[in-house]
Amino acid sequence: MTSGDIAVLSGDGIGPEVMREAVKILRVIEKKFSVALRLTEAPVGWAGIDAAGRALPEATLALCKKSHAILFGSVGLPDRDPTIPKEERPERAALLRLRKEFGLFANLRPVKLPRELARACPLRPERQGGGVDILVVRELTGGLYFGQPKKTEEITCDGRRVRRAIDTMVYSTPEIERIAHVAFGAARLRRKKVTSIDKANVLENGVLWREVVTALGKQYADVALEHLFVDNAAMQLILKPAQFDVMLCENMFGDILSDEAAALAGSLGLLPSASLGATSRERTFGLYEPAGGTAPDIAGKNLANPIAQILSAALMLRYSFGLDAAAAAIEEAVARTIAAGFRTGDIFSSKEANTRQVGSREIGDAIAAAL
Ligand code: IPM
Ligand code: MG
């Protein structure tokens, strides 16, 4: 019997209500697949600030350190307490800190538009081509997010004091190589194509990125490699999304393009993600979170789509616990539930026959029943 320790950090906004549905599903998985998942909840984000004065309380970090994986909700409420400095706000002090602390350099964001949701896709059917099925592989611990110096300073410019902000984009060869390995490895299990994204016509980082990925690509002769400038990639995603299999991106480009790709799949509420570190002794530590954020406008109303959180739990079972069959069972249950017509508000259209709008709880129950 497999067992695992999981730190459950729901966070803010819709985090707790979508997490409740994911936990519901994991409880069904325990029975069905005879696994023991020890789930321990701890506060993070504004919930951490309220409970212990910091976005990532010491006790929460300690729990993560003794767990095999982190199931994460979402953090950050832009309208809360502007007096708290930006370095202590949840986005940086909790989420980015966890990514860095655990060396979670590989962020996988699978974007798939289910056939039944073709209507939720903003593109006309002829543009959807053979369908949207993209894996965004985003570098997560380097680039503009973490490069130093990173600061806002005061300088004298034309005789007056002005403020100047500096962020630094920096990548070393090994950082590019390890994320490229992840992308090529993933492509081998899919349609064997990697599109590497850069800005090699302007940025030093882009030139190095392209050289390193090209050289590494020779080790993967069975995978087709192509390069796109990031601006062109943003356009191609809208014009012809079916051309993409795996998109390999540095941190900032991946942040932007993965939201764009998610919109093609109907809703941000459907997009799970896995943030993985290095594998040691056959175990991969990971943080699993929906890509959608806290959605404060609909929080606490039983309106949020829990599917991204539930699919994130499936990714956790697959990557951190090697429970492929259990992960696939969840993914199939989600697909069956959508096919059966259950829709949260974000993916509901009154023009679609045989569907009905339900709340977070009800769609969670339907997925649990489909399992
Ligand atoms: C994401 C989010 C985060 C990021 C924010 C909340 C810091 O947008 O995971 O894509 O920019 O990485
Ligand atoms: Mg983002």
# chains A, B, ... in the order shown; residues from 1 in each chain; ligands from 1
call {"tool": "residues_near_ligand", "arguments": {"ligand": "ligand 1", "cutoff": "10 Å", "atoms": "only C-alpha atoms and all ligand atoms", "output": "PyMOL selection string"}}
result
chain A and resi 74-77+90-96+99+107+109+138+140-141+145+251-252+254-259+273+275+289-294
call {"tool": "select_by_dssp", "arguments": {"residues": "range 119-295 of chain A", "states": "strand (DSSP E or B)", "output": "CSV table (one decimal) with C-alpha atoms, in the first residue's frame"}}
result
chain,number,residue,atom,x,y,z
A,133,ASP,CA,-3.7,20.2,-26.5
A,134,ILE,CA,-0.6,22.0,-25.3
A,135,LEU,CA,1.8,21.4,-22.5
A,136,VAL,CA,3.5,24.7,-21.4
A,137,VAL,CA,6.8,23.9,-19.7
A,138,ARG,CA,7.8,27.1,-17.8
A,139,GLU,CA,11.1,27.7,-16.1
A,147,GLY,CA,17.5,37.9,-10.9
A,148,GLN,CA,19.5,40.4,-8.8
A,149,PRO,CA,19.6,43.3,-8.6
A,150,LYS,CA,15.9,43.7,-8.1
A,151,LYS,CA,15.0,47.0,-6.5
A,152,THR,CA,13.5,50.5,-6.7
A,153,GLU,CA,16.0,53.3,-6.1
A,154,GLU,CA,16.2,57.1,-6.2
A,155,ILE,CA,18.5,58.7,-8.6
A,156,THR,CA,19.1,62.2,-9.9
A,157,CYS,CA,18.1,62.6,-13.5
A,160,ARG,CA,15.7,66.2,-10.2
A,161,ARG,CA,15.2,63.2,-8.0
A,162,VAL,CA,13.3,60.4,-9.7
A,163,ARG,CA,12.6,56.8,-8.9
A,164,ARG,CA,14.0,54.0,-11.0
A,165,ALA,CA,13.0,50.3,-10.9
A,166,ILE,CA,15.4,47.5,-11.8
A,167,ASP,CA,14.6,43.8,-12.5
A,168,THR,CA,17.3,41.6,-13.9
A,193,LYS,CA,7.4,18.4,-30.9
A,194,VAL,CA,9.0,21.2,-28.8
A,195,THR,CA,8.5,24.9,-29.7
A,196,SER,CA,11.1,26.9,-27.8
A,197,ILE,CA,10.2,30.5,-27.1
A,198,ASP,CA,12.7,33.3,-26.8
A,224,ALA,CA,11.1,18.0,-33.6
A,225,LEU,CA,12.4,21.3,-32.4
A,226,GLU,CA,11.4,24.7,-33.6
A,227,HIS,CA,12.0,28.2,-32.2
A,228,LEU,CA,9.6,31.2,-32.1
A,229,PHE,CA,10.1,34.7,-30.9
A,246,VAL,CA,5.1,21.3,-25.9
A,247,MET,CA,6.0,25.0,-25.5
A,248,LEU,CA,9.3,25.6,-23.7
A,249,CYS,CA,9.4,29.1,-22.0
A,274,ALA,CA,2.7,21.0,-11.4
A,275,SER,CA,5.9,22.7,-10.1
A,276,LEU,CA,8.6,20.1,-9.8
A,277,GLY,CA,12.1,19.9,-8.3
A,278,ALA,CA,14.8,17.4,-9.0
A,279,THR,CA,14.0,13.7,-8.5
A,280,SER,CA,15.9,12.0,-5.7
A,283,ARG,CA,10.6,10.7,-5.4
A,284,THR,CA,9.9,14.0,-7.0
A,285,PHE,CA,8.9,16.8,-4.6
A,286,GLY,CA,6.3,19.0,-6.1
A,287,LEU,CA,3.9,21.8,-5.5
A,288,TYR,CA,0.6,21.5,-7.3
call {"tool": "atom_distance", "arguments": {"atom1": "CA of Ile330 in chain A", "atom2": "CA of Leu317 in chain A"}}
result
9.9 Å
call {"tool": "closest_residue", "arguments": {"among": "A:Pro174, A:Asp79, A:His68, A:Ile84", "to": "Phe105 in chain A", "atoms": "only C-alpha atoms"}}
result
A:Pro174
call {"tool": "closest_residue", "arguments": {"among": "A:Ala59, A:Lys100, A:Leu203, A:Ala261", "to": "ligand 2", "atoms": "only C-alpha atoms and all ligand atoms"}}
result
A:Ala261
call {"tool": "atom_distance", "arguments": {"atom1": "CA of Ala233 in chain A", "atom2": "CA of Asp245 in chain A"}}
result
12.7 Å
call {"tool": "atom_distance", "arguments": {"atom1": "CA of Ala36 in chain A", "atom2": "CA of Asp365 in chain A"}}
result
21.0 Å
call {"tool": "closest_atom_pairs", "arguments": {"of": "range 141-247 of chain A", "to": "range 119-131 of chain A", "cutoff": "8 Å", "atoms": "only C-alpha atoms", "output": "Markdown table"}}
result
| residue | atom | partner | partner_atom | distance |
| --- | --- | --- | --- | --- |
| A:Ile238 | CA | A:Leu123 | CA | 7.5 |
| A:Leu239 | CA | A:Arg127 | CA | 6.6 |
| A:Lys240 | CA | A:Arg127 | CA | 6.2 |
| A:Pro241 | CA | A:Gln128 | CA | 6.7 |
| A:Ala242 | CA | A:Gly131 | CA | 5.8 |
call {"tool": "closest_residue", "arguments": {"among": "A:Gly73, A:Asp5, A:Met235, A:Gly206", "to": "Ile310 in chain A", "atoms": "only C-alpha atoms"}}
result
A:Gly73
call {"tool": "select_by_dssp", "arguments": {"residues": "range 32-227 of chain A", "states": "alpha helix (DSSP H)", "output": "number ranges by chain"}}
result
A: 32-33, 46-52, 58-65, 90, 97-101, 125-128, 173-188, 204-217
call {"tool": "residues_around", "arguments": {"residues": "range 349-360 of chain A", "least_positions_apart": "4", "cutoff": "8 Å", "atoms": "only C-alpha atoms", "output": "list in words"}}
result
Glu17, Val18, Glu21, Arg119, Ala120, Asn302, Leu303, Ala304, Asn305, Pro306, Ala340, Gly341, Phe342, Arg343, Thr344, Gly345 and Gly364 of chain A
call {"tool": "write_last_selection", "arguments": {"atoms": "C-alpha atoms", "output": "short mmCIF file (atom, residue, chain, number, x, y, z; two decimals), in the first residue's frame"}}
result
data_model
loop_
_atom_site.label_atom_id
_atom_site.label_comp_id
_atom_site.auth_asym_id
_atom_site.auth_seq_id
_atom_site.Cartn_x
_atom_site.Cartn_y
_atom_site.Cartn_z
CA GLU A 17 -13.70 26.16 -1.46
CA VAL A 18 -11.97 24.60 -4.45
CA GLU A 21 -13.61 19.62 -3.54
CA ARG A 119 -18.12 26.61 -27.41
CA ALA A 120 -16.28 28.03 -24.39
CA ASN A 302 -19.91 28.38 -4.24
CA LEU A 303 -19.39 29.64 -7.81
CA ALA A 304 -15.71 28.83 -8.44
CA ASN A 305 -14.72 26.04 -10.78
CA PRO A 306 -12.84 23.43 -8.70
CA ALA A 340 -22.62 14.70 -18.75
CA GLY A 341 -23.38 18.43 -18.89
CA PHE A 342 -22.28 19.72 -15.49
CA ARG A 343 -20.97 23.29 -15.79
CA THR A 344 -19.82 25.92 -13.32
CA GLY A 345 -20.58 29.50 -14.35
CA GLY A 364 -17.26 18.20 -6.99
#
call {"tool": "closest_residue", "arguments": {"among": "A:Leu117, A:Leu268, A:Ile179, A:Ile307", "to": "ligand 2", "atoms": "only C-alpha atoms and all ligand atoms"}}
result
A:Leu268
call {"tool": "residues_around", "arguments": {"residues": "Ala7 in chain A", "least_positions_apart": "6", "cutoff": "7 Å", "atoms": "only C-alpha atoms", "output": "number ranges by chain"}}
result
A: 39-41, 63-64, 67, 69-71
call {"tool": "write_last_selection", "arguments": {"atoms": "C-alpha atoms", "output": "short mmCIF file (atom, residue, chain, number, x, y, z; two decimals), in the first residue's frame"}}
result
data_model
loop_
_atom_site.label_atom_id
_atom_site.label_comp_id
_atom_site.auth_asym_id
_atom_site.auth_seq_id
_atom_site.Cartn_x
_atom_site.Cartn_y
_atom_site.Cartn_z
CA LEU A 39 -3.47 15.42 4.46
CA THR A 40 -2.45 18.18 6.88
CA GLU A 41 -3.81 21.68 6.43
CA LEU A 63 5.08 21.08 7.50
CA CYS A 64 6.02 21.40 3.81
CA SER A 67 5.78 16.31 3.44
CA ALA A 69 4.17 17.12 -1.80
CA ILE A 70 2.32 20.41 -1.40
CA LEU A 71 -1.24 20.76 -2.64
#
